[in-house]
Each structure stands twice: as structure tokens, then as C-alpha cells.
>>> print(open('model13.cif').read())   # mmCIF, C-alpha atoms
data_data
loop_
_atom_site.label_atom_id
_atom_site.label_comp_id
_atom_site.auth_asym_id
_atom_site.auth_seq_id
_atom_site.Cartn_x
_atom_site.Cartn_y
_atom_site.Cartn_z
CA MET M 1 1.51 32.97 1.51
CA GLN M 2 -0.04 36.41 0.94
CA ARG M 3 -1.18 35.40 -2.53
CA LEU M 4 -2.76 32.23 -1.12
CA ALA M 5 -4.60 34.28 1.53
CA GLN M 6 -5.93 36.53 -1.21
CA THR M 7 -7.09 33.43 -3.12
CA HIS M 8 -8.98 32.17 -0.05
CA LYS M 9 -10.72 35.54 0.28
CA ALA M 10 -11.58 35.63 -3.43
CA ASN M 11 -12.99 32.11 -3.32
CA ALA M 12 -15.03 32.93 -0.22
CA ALA M 13 -16.45 36.02 -1.91
CA LEU M 14 -17.27 34.08 -5.09
CA LEU M 15 -18.97 31.38 -3.04
CA GLN M 16 -21.43 33.91 -1.68
CA THR M 17 -22.54 34.97 -5.19
CA LEU M 18 -22.91 31.58 -6.92
CA ASP M 19 -26.09 29.55 -7.17
CA LEU M 20 -24.88 26.49 -5.28
CA ASP M 21 -28.08 24.54 -5.84
CA ALA M 22 -27.53 24.75 -9.59
CA LEU M 23 -23.86 23.78 -9.25
CA LEU M 24 -24.78 20.69 -7.24
CA GLU M 25 -26.90 19.37 -10.12
CA THR M 26 -23.97 18.77 -12.48
CA LYS M 27 -20.64 16.97 -12.32
CA ARG M 28 -18.74 20.05 -13.48
CA GLY M 29 -20.61 22.24 -11.02
CA THR M 30 -19.72 20.02 -8.06
CA ALA M 31 -16.10 19.86 -9.22
CA LEU M 32 -15.96 23.69 -9.30
CA LEU M 33 -17.60 23.93 -5.88
CA ALA M 34 -15.18 21.39 -4.37
CA GLN M 35 -12.27 23.35 -5.83
CA LEU M 36 -13.52 26.64 -4.37
CA VAL M 37 -13.53 25.27 -0.82
CA SER M 38 -10.29 23.26 -1.08
CA PHE M 39 -7.01 24.33 0.49
CA PRO M 40 -3.48 22.93 0.97
CA ALA M 41 -3.20 20.90 4.17
CA ASP M 42 -0.41 23.12 5.53
CA GLN M 43 -2.03 26.43 4.50
CA PRO M 44 -5.64 26.56 5.74
CA PRO M 45 -7.88 29.60 5.23
CA ALA M 46 -8.42 32.22 7.94
CA ALA M 47 -11.17 31.47 10.45
CA LYS M 48 -13.40 34.19 9.01
CA GLU M 49 -13.29 32.81 5.44
CA ALA M 50 -13.66 29.21 6.64
CA ALA M 51 -16.67 30.05 8.82
CA ALA M 52 -18.35 31.96 5.98
CA ALA M 53 -17.75 29.07 3.56
CA VAL M 54 -19.13 26.49 6.01
CA GLU M 55 -22.24 28.58 6.68
CA ARG M 56 -22.86 29.03 2.94
CA LEU M 57 -22.38 25.33 2.27
CA TYR M 58 -24.74 24.34 5.08
CA GLN M 59 -27.39 26.63 3.57
CA ALA M 60 -27.12 24.83 0.24
CA LEU M 61 -26.45 21.28 1.45
CA GLY M 62 -28.49 21.21 4.63
CA PRO M 63 -31.83 19.81 3.39
CA ARG M 64 -30.08 17.31 1.10
CA LEU M 65 -26.98 16.54 3.14
CA LYS M 66 -27.47 12.78 3.41
CA GLU M 67 -28.46 12.48 -0.25
CA LEU M 68 -25.36 14.39 -1.34
CA CYS M 69 -23.10 12.24 0.87
CA VAL M 70 -23.85 9.23 -1.33
CA ASP M 71 -23.80 11.13 -4.64
CA LYS M 72 -20.84 10.09 -6.81
CA SER M 73 -19.89 13.73 -7.47
CA ALA M 74 -21.29 15.79 -4.58
CA ASN M 75 -19.69 13.61 -1.88
CA PHE M 76 -16.42 15.44 -2.61
CA VAL M 77 -18.06 18.75 -1.66
CA VAL M 78 -19.26 17.28 1.65
CA SER M 79 -15.74 16.00 2.35
CA ARG M 80 -14.30 19.47 1.71
CA LEU M 81 -16.89 20.89 4.11
CA LEU M 82 -15.68 18.50 6.81
CA GLN M 83 -12.08 19.52 6.22
CA LEU M 84 -13.04 23.18 6.74
CA LEU M 85 -14.73 22.62 10.12
CA PRO M 86 -11.60 22.66 12.33
CA HIS M 87 -10.59 26.06 10.88
CA THR M 88 -13.79 27.98 11.56
CA GLY M 89 -12.74 29.21 14.99
CA ALA M 90 -15.24 26.99 16.83
CA LYS M 91 -14.53 26.33 20.53
CA SER M 92 -13.70 22.69 19.77
CA SER M 93 -13.44 20.53 16.68
CA ALA M 94 -15.48 17.85 18.42
CA SER M 95 -18.47 20.19 18.77
CA ALA M 96 -18.18 21.24 15.11
CA LEU M 97 -18.11 17.60 13.97
CA GLU M 98 -21.01 16.69 16.24
CA ALA M 99 -22.99 19.58 14.72
CA PHE M 100 -22.37 18.04 11.28
CA VAL M 101 -23.66 14.67 12.50
CA ASP M 102 -26.77 16.38 13.90
CA LYS M 103 -27.43 18.06 10.55
CA LEU M 104 -26.99 14.68 8.87
CA GLY M 105 -29.71 13.19 11.07
CA GLY M 106 -27.79 11.65 13.96
CA ALA M 107 -25.53 8.70 14.64
CA GLU M 108 -27.78 6.15 12.93
CA GLU M 109 -27.75 8.12 9.67
CA LEU M 110 -23.99 8.44 9.95
CA ARG M 111 -23.60 4.67 10.31
CA THR M 112 -25.70 4.08 7.20
CA LEU M 113 -23.04 5.99 5.25
CA THR M 114 -20.46 3.40 6.25
CA GLN M 115 -22.40 0.74 4.35
CA SER M 116 -22.46 2.75 1.11
CA SER M 117 -19.62 2.41 -1.39
CA ILE M 118 -19.67 6.20 -1.83
CA GLY M 119 -20.87 7.43 1.55
CA VAL M 120 -18.12 5.51 3.35
CA HIS M 121 -15.58 7.96 1.93
CA VAL M 122 -17.37 10.84 3.64
CA ALA M 123 -17.31 8.88 6.90
CA ASN M 124 -13.59 8.26 6.44
CA THR M 125 -12.95 11.96 5.88
CA LEU M 126 -14.82 12.63 9.12
CA ILE M 127 -12.51 10.14 10.89
CA ASP M 128 -9.36 11.68 9.40
CA VAL M 129 -10.41 15.17 10.48
CA ALA M 130 -11.31 13.88 13.94
CA ILE M 131 -7.95 12.12 14.42
CA ALA M 132 -6.07 15.22 13.27
CA THR M 133 -7.96 17.40 15.77
CA ASP M 134 -8.06 15.10 18.82
CA ALA M 135 -11.77 14.43 18.41
CA ALA M 136 -11.32 10.80 17.39
CA GLU M 137 -12.87 9.23 20.47
CA GLU M 138 -16.20 11.01 20.01
CA VAL M 139 -16.40 10.11 16.30
CA ALA M 140 -15.25 6.52 16.87
CA ALA M 141 -18.00 6.05 19.48
CA LEU M 142 -20.58 7.09 16.87
CA LEU M 143 -19.20 4.99 14.02
CA MET M 144 -18.00 1.87 15.83
CA PRO M 145 -20.35 0.60 18.55
CA ALA M 146 -18.67 -2.18 20.52
CA ARG M 147 -21.38 -4.70 19.61
CA HIS M 148 -20.81 -4.19 15.87
CA VAL M 149 -17.01 -4.28 15.61
CA LYS M 150 -16.73 -7.95 14.58
CA GLU M 151 -19.39 -7.44 11.91
CA MET M 152 -17.59 -4.38 10.60
CA LEU M 153 -14.37 -6.36 10.20
CA THR M 154 -16.02 -8.55 7.55
CA HIS M 155 -18.15 -5.91 5.80
CA PRO M 156 -16.66 -4.74 2.47
CA GLN M 157 -17.29 -1.02 3.12
CA GLU M 158 -17.12 -0.89 6.91
CA GLN M 159 -13.67 -2.47 6.77
CA LEU M 160 -12.51 0.87 5.35
CA VAL M 161 -13.85 2.62 8.44
CA ILE M 162 -11.93 0.19 10.67
CA ARG M 163 -8.76 0.85 8.70
CA HIS M 164 -9.10 4.63 9.15
CA LEU M 165 -9.64 4.17 12.89
CA MET M 166 -6.68 1.79 13.22
CA PRO M 167 -4.11 4.49 14.19
CA LEU M 168 -5.95 4.68 17.53
CA VAL M 169 -4.55 1.23 18.38
CA ALA M 170 -1.20 2.91 18.98
CA LYS M 171 -2.73 5.12 21.70
CA LYS M 172 -3.03 3.19 24.97
CA GLN M 173 -5.45 5.75 26.42
CA SER M 174 -7.85 5.41 23.45
CA LYS M 175 -10.95 3.37 24.25
CA ALA M 176 -11.63 2.83 20.55
CA GLY M 177 -8.02 1.72 19.98
CA GLN M 178 -8.18 -0.75 22.87
CA LEU M 179 -11.49 -2.08 21.55
CA LEU M 180 -9.88 -2.80 18.16
CA LEU M 181 -6.79 -4.26 19.81
CA HIS M 182 -8.76 -6.74 21.91
CA THR M 183 -11.18 -7.60 19.09
CA ILE M 184 -8.51 -8.43 16.51
CA ASN M 185 -6.00 -9.78 19.06
CA ASP M 186 -3.50 -11.08 16.47
CA ASP M 187 -6.30 -13.10 14.80
CA THR M 188 -4.65 -14.19 11.55
CA SER M 189 -7.96 -15.33 10.03
CA LEU M 190 -8.31 -11.78 8.68
CA ALA M 191 -5.12 -12.31 6.70
CA TYR M 192 -6.83 -14.88 4.49
CA ASP M 193 -9.54 -12.46 3.32
CA ALA M 194 -9.11 -10.40 0.15
CA MET M 195 -9.96 -7.17 2.02
CA GLY M 196 -9.30 -8.35 5.56
CA ASN M 197 -5.59 -8.75 4.88
CA LEU M 198 -5.40 -4.98 4.36
CA VAL M 199 -7.10 -4.47 7.74
CA PHE M 200 -4.59 -6.84 9.34
CA GLN M 201 -1.65 -5.06 7.71
CA ASP M 202 -2.88 -1.71 9.08
CA TYR M 203 -3.30 -3.37 12.47
CA LEU M 204 0.32 -4.57 12.41
CA LYS M 205 1.51 -1.10 11.40
CA ALA M 206 -0.42 0.46 14.29
CA LEU M 207 1.16 -1.99 16.74
CA GLY M 208 4.61 -0.67 15.92
CA PRO M 209 7.81 -2.76 15.60
CA ALA M 210 7.45 -4.36 19.05
CA GLY M 211 3.82 -5.36 18.57
CA ALA M 212 4.34 -6.54 14.99
CA SER M 213 7.34 -8.60 16.13
CA HIS M 214 5.24 -10.21 18.86
CA ALA M 215 2.57 -11.10 16.28
CA ALA M 216 5.23 -12.53 13.94
CA ARG M 217 6.72 -14.71 16.66
CA LYS M 218 3.24 -15.99 17.44
CA MET M 219 2.78 -16.94 13.77
CA MET M 220 6.10 -18.77 13.77
CA LYS M 221 5.10 -20.75 16.88
CA GLU M 222 1.82 -21.74 15.26
CA ASP M 223 3.82 -23.00 12.25
CA ASN M 224 1.45 -21.56 9.65
CA LEU M 225 3.93 -19.33 7.82
CA LEU M 226 4.25 -21.67 4.83
CA HIS M 227 0.48 -21.79 4.36
CA MET M 228 0.27 -18.01 4.65
CA CYS M 229 3.00 -17.54 2.02
CA GLN M 230 1.09 -19.76 -0.41
CA HIS M 231 -2.22 -17.93 0.07
CA ALA M 232 -3.15 -15.12 -2.34
CA SER M 233 -4.12 -12.70 0.47
CA ALA M 234 -2.05 -13.85 3.46
CA ALA M 235 1.17 -13.67 1.43
CA HIS M 236 0.82 -9.87 1.47
CA VAL M 237 0.72 -9.94 5.28
CA VAL M 238 4.00 -11.90 5.47
CA HIS M 239 5.51 -9.52 2.92
CA ALA M 240 4.48 -6.53 5.08
CA LEU M 241 5.74 -8.18 8.27
CA LEU M 242 9.27 -8.29 6.91
CA ASP M 243 9.24 -4.48 6.82
CA LEU M 244 7.40 -3.91 10.11
CA VAL M 245 9.24 -6.16 12.58
CA ASP M 246 12.48 -5.42 14.40
CA SER M 247 15.81 -6.74 13.09
CA PRO M 248 16.06 -9.90 15.26
CA THR M 249 12.51 -10.93 14.33
CA GLN M 250 13.17 -10.26 10.66
CA THR M 251 16.17 -12.59 10.86
CA ALA M 252 14.03 -15.20 12.64
CA LEU M 253 11.38 -14.97 9.90
CA CYS M 254 14.02 -15.43 7.21
CA ASN M 255 15.45 -18.45 9.03
CA ALA M 256 11.99 -19.96 9.47
CA LEU M 257 11.23 -19.60 5.75
CA LYS M 258 14.70 -20.47 4.42
CA GLN M 259 13.91 -24.17 4.25
CA TYR M 260 10.88 -23.43 2.04
CA VAL M 261 12.28 -20.79 -0.33
CA VAL M 262 12.84 -23.14 -3.29
CA GLN M 263 9.33 -24.55 -2.88
CA LEU M 264 7.86 -21.06 -2.54
CA ALA M 265 9.89 -19.71 -5.46
CA THR M 266 7.91 -21.92 -7.85
CA HIS M 267 4.55 -21.06 -6.23
CA ILE M 268 2.40 -18.36 -7.81
CA ASN M 269 1.88 -16.57 -4.48
CA GLY M 270 4.98 -17.73 -2.63
CA ARG M 271 7.45 -16.20 -5.06
CA PHE M 272 6.10 -12.77 -4.11
CA VAL M 273 7.35 -13.35 -0.55
CA VAL M 274 10.64 -14.89 -1.73
CA GLU M 275 11.43 -11.76 -3.75
CA LYS M 276 11.21 -9.82 -0.48
CA LEU M 277 13.35 -12.37 1.37
CA VAL M 278 16.00 -12.13 -1.34
CA ARG M 279 16.39 -8.42 -0.62
CA VAL M 280 16.86 -8.81 3.14
CA SER M 281 18.64 -12.16 3.67
CA ARG M 282 21.99 -13.28 2.34
CA GLU M 283 21.33 -16.84 3.48
CA VAL M 284 18.19 -16.97 1.36
CA ARG M 285 20.14 -15.66 -1.62
CA ASP M 286 22.79 -18.34 -1.12
CA GLU M 287 20.11 -21.05 -0.93
CA LEU M 288 18.52 -19.89 -4.19
CA VAL M 289 21.84 -19.63 -6.01
CA LYS M 290 22.44 -23.32 -5.20
CA GLN M 291 19.16 -24.15 -6.99
CA PHE M 292 19.60 -21.59 -9.76
CA THR M 293 19.52 -24.07 -12.63
CA PHE M 294 16.45 -25.87 -11.28
CA LEU M 295 14.63 -22.56 -10.83
CA ALA M 296 15.71 -21.40 -14.28
CA ARG M 297 13.89 -24.40 -15.75
CA SER M 298 10.77 -23.76 -13.68
CA ARG M 299 7.80 -21.77 -14.83
CA GLY M 300 7.29 -18.21 -13.64
CA THR M 301 10.62 -17.75 -11.85
CA GLN M 302 12.42 -15.45 -14.29
CA HIS M 303 11.54 -12.19 -12.55
CA LEU M 304 12.55 -13.66 -9.19
CA LEU M 305 15.89 -14.83 -10.57
CA CYS M 306 16.55 -11.43 -12.11
CA THR M 307 15.84 -9.87 -8.70
CA LEU M 308 18.16 -12.40 -7.09
CA PHE M 309 20.93 -11.58 -9.54
CA ALA M 310 20.53 -7.84 -8.97
CA CYS M 311 20.86 -8.35 -5.17
CA LEU M 312 24.11 -10.34 -5.41
CA ASP M 313 27.48 -8.71 -4.81
CA ALA M 314 30.06 -8.60 -7.62
CA ARG M 315 31.56 -11.95 -6.66
CA GLY M 316 28.15 -13.61 -6.51
CA LYS M 317 27.19 -12.23 -9.92
CA GLN M 318 30.44 -13.48 -11.42
CA ASN M 319 29.80 -16.92 -9.92
CA VAL M 320 26.35 -17.09 -11.56
CA VAL M 321 27.76 -15.97 -14.91
CA ASP M 322 30.66 -18.44 -14.88
CA ARG M 323 28.94 -21.51 -13.44
CA VAL M 324 25.32 -21.16 -14.52
CA LEU M 325 24.89 -18.87 -17.51
CA VAL M 326 28.07 -19.51 -19.45
CA PRO M 327 28.12 -23.34 -19.84
CA PRO M 328 24.69 -23.64 -21.50
CA ALA M 329 25.43 -20.63 -23.67
CA GLN M 330 28.73 -22.14 -24.84
CA ARG M 331 26.99 -25.39 -25.73
CA ALA M 332 24.26 -23.56 -27.65
CA GLY M 333 26.39 -22.29 -30.52
CA ASP M 334 28.17 -19.25 -31.93
CA ARG M 335 25.66 -16.50 -31.14
CA PRO M 336 25.25 -17.47 -27.47
CA VAL M 337 29.07 -17.56 -27.18
CA ARG M 338 29.23 -13.97 -28.43
CA LEU M 339 26.56 -13.08 -25.90
CA HIS M 340 28.62 -14.84 -23.24
CA HIS M 341 31.48 -12.42 -23.96
CA ALA M 342 29.07 -9.54 -23.52
CA ALA M 343 28.04 -11.05 -20.20
CA GLU M 344 31.66 -11.20 -19.08
CA ALA M 345 32.10 -7.56 -20.03
CA GLY M 346 28.96 -6.48 -18.23
CA ALA M 347 29.89 -8.47 -15.15
CA GLY M 348 33.08 -6.46 -14.80
CA ARG M 349 35.83 -8.31 -16.70
CA PRO M 350 38.26 -6.09 -18.63
CA GLY M 351 38.73 -6.57 -22.33
CA GLY M 352 37.40 -5.78 -25.78
CA ALA M 353 34.12 -7.53 -25.05
CA ARG M 354 32.97 -4.34 -23.30
CA SER M 355 31.93 -3.06 -26.73
CA ASP M 356 29.38 -5.89 -26.92
CA ALA M 357 27.89 -4.87 -23.58
CA GLN M 358 27.79 -1.25 -24.76
CA MET M 359 26.06 -2.39 -27.94
CA ILE M 360 23.37 -4.20 -25.89
CA ARG M 361 22.76 -1.08 -23.84
CA GLU M 362 22.50 1.22 -26.86
CA ASN M 363 20.79 -1.01 -29.44
CA SER M 364 17.10 -1.10 -28.45
CA ARG M 365 16.22 -3.73 -31.06
CA LEU M 366 18.96 -6.09 -29.91
CA ARG M 367 17.95 -5.46 -26.32
CA SER M 368 14.35 -6.30 -27.17
CA ASP M 369 15.39 -9.54 -28.86
CA LEU M 370 17.48 -10.56 -25.86
CA LEU M 371 14.61 -9.95 -23.47
CA GLN M 372 12.64 -12.67 -25.27
CA ASN M 373 15.25 -15.25 -24.22
CA PHE M 374 15.89 -16.50 -20.70
CA TYR M 375 19.64 -16.08 -20.83
CA GLY M 376 19.26 -12.88 -22.79
CA LYS M 377 17.31 -11.37 -19.90
CA PHE M 378 20.29 -11.91 -17.66
CA LEU M 379 22.67 -10.36 -20.17
CA VAL M 380 20.49 -7.24 -20.29
CA ARG M 381 20.28 -7.14 -16.50
CA ILE M 382 24.05 -7.51 -16.19
CA CYS M 383 24.62 -4.62 -18.56
CA GLU M 384 22.07 -2.44 -16.79
CA THR M 385 23.65 -2.97 -13.36
CA ASN M 386 27.15 -1.94 -14.43
#
>>> encode(input="model13.cif", output="C-alpha cells")
Amino acid sequence: MQRLAQTHKANAALLQTLDLDALLETKRGTALLAQLVSFPADQPPAAKEAAAAVERLYQALGPRLKELCVDKSANFVVSRLLQLLPHTGAKSSASALEAFVDKLGGAEELRTLTQSSIGVHVANTLIDVAIATDAAEEVAALLMPARHVKEMLTHPQEQLVIRHLMPLVAKKQSKAGQLLLHTINDDTSLAYDAMGNLVFQDYLKALGPAGASHAARKMMKEDNLLHMCQHASAAHVVHALLDLVDSPTQTALCNALKQYVVQLATHINGRFVVEKLVRVSREVRDELVKQFTFLARSRGTQHLLCTLFACLDARGKQNVVDRVLVPPAQRAGDRPVRLHHAAEAGAGRPGGARSDAQMIRENSRLRSDLLQNFYGKFLVRICETN
């Protein structure tokens, strides 16, 4: 800790002697400057050093602050400046952040940053600092006027601002959080957007288990779960829901989707959700085991089936080996029969065949050859899980 404090003092002293204008002209210079004013999140500099660094940075950045916010290198320096503000000893973080906005040119100039692919990251740093210092309401009022919230939800950069403000949804006393809550209002149309699905996932996280469970039950009543699972973006929302909801709702989701798991398993987007269901529902695993051979002959299901096999208990694995993997291997000829013995060894049967399983684990070339074959993949997986 003492060494870190000495480093902060040394950096602050060095900052006073450097030509910051020259540093801001080059990529290496801005990287050095950003490093000089950086600090570990749990070990901030003393108020004196932080205040001196902020004053020096304002002197250099002031006239060009907006320009540097959208510069691909200098924006990192501006973000570090924002992170220093709460540690300067100012009466309130809100007043320090408002002073930054004034130097930038006001609320309108701040909102223009949210529409820039680079400047939006500075705005997001401002939000993160504000949330961490209980100044979120003031910053949210500047960045998210009520009349623009719906537009921001569909804007590629401003969506990032909404996502950073989303934790406020969990605070009932937050005006900004309530504005987001009532604007989104479990509207699943966001889930079908390539970026909007990320906004909706953050919304569900902010709601907590009870709120996410309520949203999930609403989706089940509307009977659009199958369509969501087959959509490239919405499938990620269903996948996230399975982690966010409470246990009874998770079971209800699994039961609602159980009738579709074979259909979804062969769908390019649906199998992503089925892999998650396999990990949380025994009934789904049992349903897929019944259709194992059909799925084995389908395109694109091999990774799913390997995941299914890994999630089975010892008895379930042995059942797959004996009833599904072994018969085709025995009919295929001598080499598959030898591999079948290795499978038996890997699945837990005693006997001399264990040496074959050991050979598969240790011989990288043989292992590579097996991975090129459907049944071989299972033999490798069996050996790896024992």
C-alpha cells in the first residue's frame, strides 16, 4: 500500500513536468498519459494527488475536451479523468461530474457523444462513475431525456448508454430506473434485435429473479417461446432466462420446451438453447436420449450430443454405450469393435480393455483420428470423463 501511494505521488509529480499537449498528439503519448493517471479500483490516490492530476488534465484537455472525447486514442485519457473526479475531495461527486459536463459544453454536447462509436464509451464511463458515487440520477437526467428513451433503445450506440443505466431499474426510488422499467415493460420485441437482445438481457438481470420469472411466465402465456428459440437473437434471451429465473420458473420453462427439444436440437439457433436445457433438466436429457440415434444422423447435432453424454450419470452413459454406440460399431467391422472395447473401459467396466482407453488418452494422433469420426468423438469423450 505504501509503495502504491509513493507511485501515485511520483506519477502526479511527473504529470506536472510533461508536455501534455505533445503527448496527446500521438498514440503512444496518450497511452502513457492514461497510464499515469490510472489506479486500481480498490486503491485510489490521495485527494491531493487526484485533485492536482485533474487540474493539470483540465489545463491540457479543456479547450479540446469534446474533440478528444471522440479521438480513438485520447478518449481513454478523458475516461481516466472521469474516474479521478470522485477522489479529489470535492463536496459531492455530482458537482464534480456536472463541472465536467459544463467544460464539455453542456448537456447537448454530452448527448452528442452518445451517438459516436467512440464518444459513447466516455459517456458510459461517466455513467459508471455516477452510479458508483450515488450521482446516477443527475447524470441519467442529462443523458436520457424521457422523450428520447424509445429512440435510444433502437440506436446502435445509444443502446450502450441504456445498458449502462439499466442497474437503476433495480432501485424503486430511481426516477431513471422507473422510466426504463415502464418504457420496456417486458416488451419482447427488443429480443429479436441483434443489439436489442443484449439490452433486454440486461433488463431481465436488473429485474432480479422475481421480475425475470414474471417476464418468463408472461412469455410462456403468449406461447412464443418456440419462435424465440429459433431466432438468432431471441434465443440468447431464452438462454439467459434459464439462469436468471427462480427454480420453479426454470422447471416450468423446461417443461414448456420439452415437447420441442428434438425439433430445436436440429435447428441452427434452437440447439444453443437445448444445450442449456440439457444441463438443467433431467427430463429433457431423457427425451433426447430416446431420440439419440435420430439426432446422431442429423446435421450439426454432434456437439449437443457430446454435451448430453457428459451430463448423464454413470448409468445413463452406460445405456448410451450399450444400446446406441455399440451395435453400429459391432456391425462396422474389426476396428470399431476394438474401439467398442475401449468405450466399455472408459465407461467404467473392469477388464483389460482399460489399456485401450489409456492409449486413446495418451496417443494424440489416435485421438485426433477418432475425433474425425462420429462414434470416435464419443469414445474420446468417454475417456476424458473418467
>>> resolve_selection(input="model13.cif", expression="the PyMOL selection byres ((chain M and resi 91-102) around 8)", output="number ranges by chain")
M: 82, 85-86, 89-90, 103-107, 110, 126, 130, 133-135, 138
>>> resolve_selection(input="model13.cif", expression="the PyMOL selection byres ((chain M and resi 305-314) around 7)", output="PyMOL selection string")
chain M and resi 275+278-279+285+301-304+315-318+378
>>> closest_residue(input="model13.cif", among="M:Leu190, M:Ile127, M:Val149, M:Ala13", to="Leu165 in chain M", atoms="only C-alpha atoms")
M:Ile127
>>> atom_distance(input="model13.cif", atom1="CA of Asp286 in chain M", atom2="CA of Asn269 in chain M")
21.3 Å
>>> atom_distance(input="model13.cif", atom1="CA of Arg271 in chain M", atom2="CA of Ala234 in chain M")
13.0 Å
>>> resolve_selection(input="model13.cif", expression="the PyMOL selection byres ((chain M and resi 74) around 10)", output="ChimeraX atom specification")
/M:23-27,29-31,33-34,61,65,67-73,75-79
>>> atom_distance(input="model13.cif", atom1="CA of Ala240 in chain M", atom2="CA of Lys276 in chain M")
9.3 Å
>>> residues_around(input="model13.cif", residues="Gln115 in chain M", least_positions_apart="3", cutoff="7 Å", atoms="all atoms listed in the file", output="CSV table (one decimal) with C-alpha atoms, keeping the file's coordinate frame")
chain,number,residue,atom,x,y,z
M,112,THR,CA,-25.7,4.1,7.2
M,120,VAL,CA,-18.1,5.5,3.4
M,157,GLN,CA,-17.3,-1.0,3.1
M,158,GLU,CA,-17.1,-0.9,6.9
>>> closest_residue(input="model13.cif", among="M:Ala146, M:His236, M:Gln263, M:Pro209", to="Gln250 in chain M", atoms="all atoms listed in the file")
M:Pro209
>>> axis_aligned_box(input="model13.cif", around="range 286-295 of chain M", padding_each_side="4 Å", output="lines of an AutoDock Vina configuration file")
center_x = 18.7
center_y = -22.1
center_z = -6.8
size_x = 16.2
size_y = 15.5
size_z = 19.7
>>> residues_near_point(input="model13.cif", point="(-20.1, 28.3, 0.4)", cutoff="7 Å", atoms="all atoms listed in the file", output="list in words")
Ala12, Leu15, Gln16, Ala52, Ala53, Val54, Glu55, Arg56 and Leu57 of chain M
>>> residues_around(input="model13.cif", residues="range 173-180 of chain M", least_positions_apart="3", cutoff="9 Å", atoms="all atoms listed in the file", output="PyMOL selection string")
chain M and resi 136-137+140-141+144+146+149+162+165-170+183-185+203
>>> closest_residue(input="model13.cif", among="M:Arg365, M:Gln59, M:Ala47, M:Ile118", to="Thr88 in chain M", atoms="all atoms listed in the file")
M:Ala47
>>> build_atoms(input="model13.cif", residues="range 240-247 of chain M", atoms="all heavy atoms", output="mmCIF file, in the coordinates of the input")
data_model
loop_
_atom_site.group_PDB
_atom_site.id
_atom_site.type_symbol
_atom_site.label_atom_id
_atom_site.label_comp_id
_atom_site.auth_asym_id
_atom_site.auth_seq_id
_atom_site.Cartn_x
_atom_site.Cartn_y
_atom_site.Cartn_z
ATOM 1 N N ALA M 240 4.486 -7.752 4.275
ATOM 2 C CA ALA M 240 4.480 -6.530 5.080
ATOM 3 C C ALA M 240 5.223 -6.724 6.395
ATOM 4 O O ALA M 240 5.928 -5.820 6.862
ATOM 5 C CB ALA M 240 3.034 -6.095 5.346
ATOM 6 N N LEU M 241 5.076 -7.902 6.995
ATOM 7 C CA LEU M 241 5.740 -8.180 8.270
ATOM 8 C C LEU M 241 7.253 -7.994 8.185
ATOM 9 O O LEU M 241 7.884 -7.497 9.119
ATOM 10 C CB LEU M 241 5.442 -9.616 8.714
ATOM 11 C CG LEU M 241 4.261 -9.856 9.651
ATOM 12 C CD1 LEU M 241 4.120 -11.337 9.943
ATOM 13 C CD2 LEU M 241 4.414 -9.075 10.948
ATOM 14 N N LEU M 242 7.825 -8.384 7.069
ATOM 15 C CA LEU M 242 9.270 -8.290 6.910
ATOM 16 C C LEU M 242 9.766 -6.855 6.999
ATOM 17 O O LEU M 242 10.932 -6.604 7.318
ATOM 18 C CB LEU M 242 9.697 -8.932 5.590
ATOM 19 C CG LEU M 242 9.566 -10.460 5.551
ATOM 20 C CD1 LEU M 242 9.638 -10.974 4.127
ATOM 21 C CD2 LEU M 242 10.651 -11.108 6.411
ATOM 22 N N ASP M 243 8.889 -5.896 6.696
ATOM 23 C CA ASP M 243 9.240 -4.480 6.820
ATOM 24 C C ASP M 243 8.912 -3.914 8.193
ATOM 25 O O ASP M 243 9.520 -2.936 8.634
ATOM 26 C CB ASP M 243 8.508 -3.652 5.761
ATOM 27 C CG ASP M 243 9.116 -3.804 4.381
ATOM 28 O OD1 ASP M 243 10.343 -3.980 4.305
ATOM 29 O OD2 ASP M 243 8.370 -3.741 3.386
ATOM 30 N N LEU M 244 7.940 -4.508 8.878
ATOM 31 C CA LEU M 244 7.400 -3.910 10.110
ATOM 32 C C LEU M 244 8.088 -4.390 11.381
ATOM 33 O O LEU M 244 8.071 -3.693 12.390
ATOM 34 C CB LEU M 244 5.894 -4.214 10.199
ATOM 35 C CG LEU M 244 5.019 -3.625 9.086
ATOM 36 C CD1 LEU M 244 3.592 -4.132 9.224
ATOM 37 C CD2 LEU M 244 5.040 -2.101 9.137
ATOM 38 N N VAL M 245 8.667 -5.583 11.349
ATOM 39 C CA VAL M 245 9.240 -6.160 12.580
ATOM 40 C C VAL M 245 10.630 -5.604 12.846
ATOM 41 O O VAL M 245 11.257 -4.996 11.974
ATOM 42 C CB VAL M 245 9.294 -7.700 12.491
ATOM 43 C CG1 VAL M 245 7.900 -8.279 12.363
ATOM 44 C CG2 VAL M 245 10.174 -8.132 11.306
ATOM 45 N N ASP M 246 11.119 -5.845 14.067
ATOM 46 C CA ASP M 246 12.480 -5.420 14.400
ATOM 47 C C ASP M 246 13.496 -6.368 13.748
ATOM 48 O O ASP M 246 13.136 -7.419 13.205
ATOM 49 C CB ASP M 246 12.680 -5.344 15.914
ATOM 50 C CG ASP M 246 12.353 -6.663 16.627
ATOM 51 O OD1 ASP M 246 12.564 -7.730 16.026
ATOM 52 O OD2 ASP M 246 11.868 -6.611 17.769
ATOM 53 N N SER M 247 14.760 -5.995 13.800
ATOM 54 C CA SER M 247 15.810 -6.740 13.090
ATOM 55 C C SER M 247 15.943 -8.199 13.543
ATOM 56 O O SER M 247 16.022 -9.098 12.698
ATOM 57 C CB SER M 247 17.143 -6.008 13.247
ATOM 58 O OG SER M 247 18.171 -6.667 12.541
#
